[in-house]
Amino acid sequence: MVDMTKLTGMHSGEGASRRTAKRRAAEWRLKLYGMIAIGLAGAALAALLWSVVGKASGALTETYVTLPVTIDAAELEVDADSPENVIRRADFTGLTKDMLKAQFPSATGRTAKRQLYDLTSAGAPFELAEVIAADPTLIGQTIDYPFLASDVTDLYLKGSFGDLETRETQGDLTLTPDGDDFIVSSSTGDFSAALERVKEGLIDQAAVIRRQAALQENGVVEFQRRADAATDDATRDKNLKLVEQRAAKRDQLLAEADDLEARSAAEGGDEALTEDNRSVLIKVADGWLRMTRITPAGGVAEALVPMAREVSASNTWGLYVTELPEASRKVSDNQIVWIETLKDKGQVATVFNSRFFSAGDSREPELAGILGAAVGSFWTMLVTFALAFPIGVLAAIYLEEFAPKNKITDFIEVNINNLAAVPSIVFGLLGLSLFLGVFGVPRSAPLAGGIVLALMTLPTIIIASRAAIRAVPPSIRDAAVGLGASPLQATFHHVLPLAMPGILTGTIIGMAQALGETAPLIMIGMVAFIVDIPQGITDSASVLPVQVFRWSDFPERAFEARTAAAICVLLLFLVVMNAIAVFLRKRFERRW
């Protein structure tokens, strides 16, 4: 017999209470670990989306600069009756440059002119040519034409090179000509705040120089170690000489940093402004001056944009300080004042960047779009689906419904599962050596990319399709056969329709995975620079993931925003495809 008093004692008393508390504590810790894991995953996802979406916002707008341009037939060497192709070959680039020089005639010298011409996009003259070719009646007229701004202008207006900080002015500005420069002063010491910002720049310069000195110190330590370890006099002397050189350079840099920090901490000051420090700009009488020397009371300035009238004293003026030194930003002081002048005249407009969704690739970031890559992705996915879906579903039907269970089918099943884990770049190597090298499939074409991605997607579709077919109850098959259907009819008329939601779900998930692949497509040449929109599966094309990869490697800063925007588009496609898979599963799911 069982002693019930002992069993009762095991589940009551102080020991049982401790075990219960310990078990509940373990359950609570498990829940806590789960919540922490979910929280960390959510935080990582939020950080990713915040970073990508935040950067992508810069690609959703573009800037236009509206300027008057005279379509001079004699200058362009065309006439109103010229064919369209003749008009397009006219020198619209020279016309655009002449128009910019007319706006800012003070821009002289090779460097200033190059900076001036960089205000508008390199593609703007070609767009103007298209407009004139479409409407030759504009020849001989002066029109206000919106020129697409360059990436430098666009990024400056979006604050990517720092803000142009406005300093409050209270006193009267006095200008005294001194050769080509002006001696400037304020009646109330308005330049003190600007001088403090300049001194903050000295601290930044000192920090950079100290980092350089630290590198020299590392060299001193290393060469001293080599000298101590040398076994011959020649090697020791050589390393000791390098120690002396590095130490001298280090001491020189530290002295420069000390001097900058001392000047920054001192009261007042008289600082010469170079490209390594913040720029101080003055706007007066519709002109712009840049200070080359600054004191609390004023300093010396040079004219960047001539004033509309002679000014000796003014109580209406503006004082501005750049957030970054000229050496640390791509936009120059000249370009800043030109852009600000155009903006004050209302000639600068920012609009939605529809070009990003309607244009192909370009090496100029302001002209680049994703349409070519999106169409290339469509053709590639079309080929992938046309090959992978029927082959994968038929293979799954055969293996699940008709194939005998023997060592051969077991070997096939094992290899299908193994193929699902093969790195995608291996399929790219297969496509490069077999389809391009042996069968002569066009390189960098959606046909080649679709075949490679179909091979990569096949294992996923087969595995998902087999699971969906296996989930159909055997009673469905038995009922069909009992009513006189053949095994083939039972499979295709009854089992396959009921398994189709699961098959489609697995197929869409596999296609979504293929849509995000880059490595196999790079191997078959779809990383090439393709400007035209592909019209078929044999045309040269790129795809969205490869477009993201290429843009992320470009040095132009404006491509950062376009890369992020392309990632958002790709993520949107993936979300839509997965949402369709969820919808199909929920809509057609059968509960047996």
# chains A, B, ... in the order shown; residues from 1 in each chain; ligands from 1
>>> select_by_dssp(residues="segment 18-207 of chain A", states="helix (DSSP H, G or I)", output="MDAnalysis selection string")
chainID A and resid 18:59 73:76 84:88 92:103 110:117 124:134 136:138 151:157 191:207
>>> residues_around(residues="Val569 of chain A", least_positions_apart="5", cutoff="9 Å", atoms="only C-alpha atoms", output="list of chain:residue names")
A:Leu544, A:Ala564, A:Leu574
>>> write_last_selection(atoms="N, CA and C atoms", output="PDB file, in the first residue's frame")
ATOM      1  N   LEU A 544      17.544  46.049 -58.042  1.00  0.00           N
ATOM      2  CA  LEU A 544      17.568  46.967 -56.912  1.00  0.00           C
ATOM      3  C   LEU A 544      18.676  46.675 -55.899  1.00  0.00           C
ATOM      4  N   ALA A 564      19.779  55.096 -49.386  1.00  0.00           N
ATOM      5  CA  ALA A 564      18.785  54.824 -48.342  1.00  0.00           C
ATOM      6  C   ALA A 564      17.376  54.755 -48.931  1.00  0.00           C
ATOM      7  N   LEU A 574       9.588  43.903 -50.379  1.00  0.00           N
ATOM      8  CA  LEU A 574       9.666  42.696 -49.562  1.00  0.00           C
ATOM      9  C   LEU A 574       8.496  42.612 -48.584  1.00  0.00           C
TER      10      LEU A 574
END
>>> closest_residue(among="A:Ile36, A:Ala421, A:Leu324, A:Val243", to="Asn277 of chain A", atoms="only C-alpha atoms")
A:Leu324
>>> closest_atom_pairs(of="segment 106-211 of chain A", to="segment 330-354 of chain A", cutoff="8 Å", atoms="only C-alpha atoms", output="CSV")
residue,atom,partner,partner_atom,distance
A:Ala112,CA,A:Asn334,CA,7.5
A:Gln115,CA,A:Gln335,CA,6.6
A:Leu116,CA,A:Gln335,CA,6.8
A:Leu119,CA,A:Gln335,CA,7.3
A:Val152,CA,A:Val331,CA,6.2
A:Thr153,CA,A:Ile339,CA,7.2
A:Tyr156,CA,A:Val331,CA,7.1
A:Phe161,CA,A:Val331,CA,7.4
>>> write_last_selection(atoms="C-alpha atoms", output="tab-separated table (two decimals), in the first residue's frame")
chain	number	residue	atom	x	y	z
A	112	ALA	CA	35.65	80.80	-59.42
A	115	GLN	CA	32.55	76.79	-58.82
A	116	LEU	CA	29.94	78.93	-60.56
A	119	LEU	CA	25.70	75.42	-59.22
A	152	VAL	CA	26.38	70.51	-54.17
A	153	THR	CA	23.64	73.15	-54.30
A	156	TYR	CA	23.80	72.84	-49.09
A	161	PHE	CA	27.25	71.02	-45.10
>>> residues_around(residues="Arg211 of chain A", least_positions_apart="4", cutoff="12 Å", atoms="only C-alpha atoms", output="short mmCIF file (atom, residue, chain, number, x, y, z; two decimals) with C-alpha atoms, in the first residue's frame")
data_model
loop_
_atom_site.label_atom_id
_atom_site.label_comp_id
_atom_site.auth_asym_id
_atom_site.auth_seq_id
_atom_site.Cartn_x
_atom_site.Cartn_y
_atom_site.Cartn_z
CA ASP A 204 38.66 71.93 -33.21
CA GLN A 205 41.87 72.53 -35.17
CA ALA A 206 43.93 71.93 -32.03
CA ALA A 207 42.15 68.60 -31.43
CA LEU A 215 50.40 59.30 -34.29
CA GLN A 216 53.92 60.74 -34.31
CA GLU A 217 54.31 59.63 -30.68
CA ASN A 218 53.34 56.09 -31.70
CA ARG A 250 55.48 65.65 -32.59
CA LEU A 253 52.49 69.75 -33.71
CA LEU A 254 52.04 70.01 -29.96
CA ALA A 257 48.05 72.95 -30.76
#
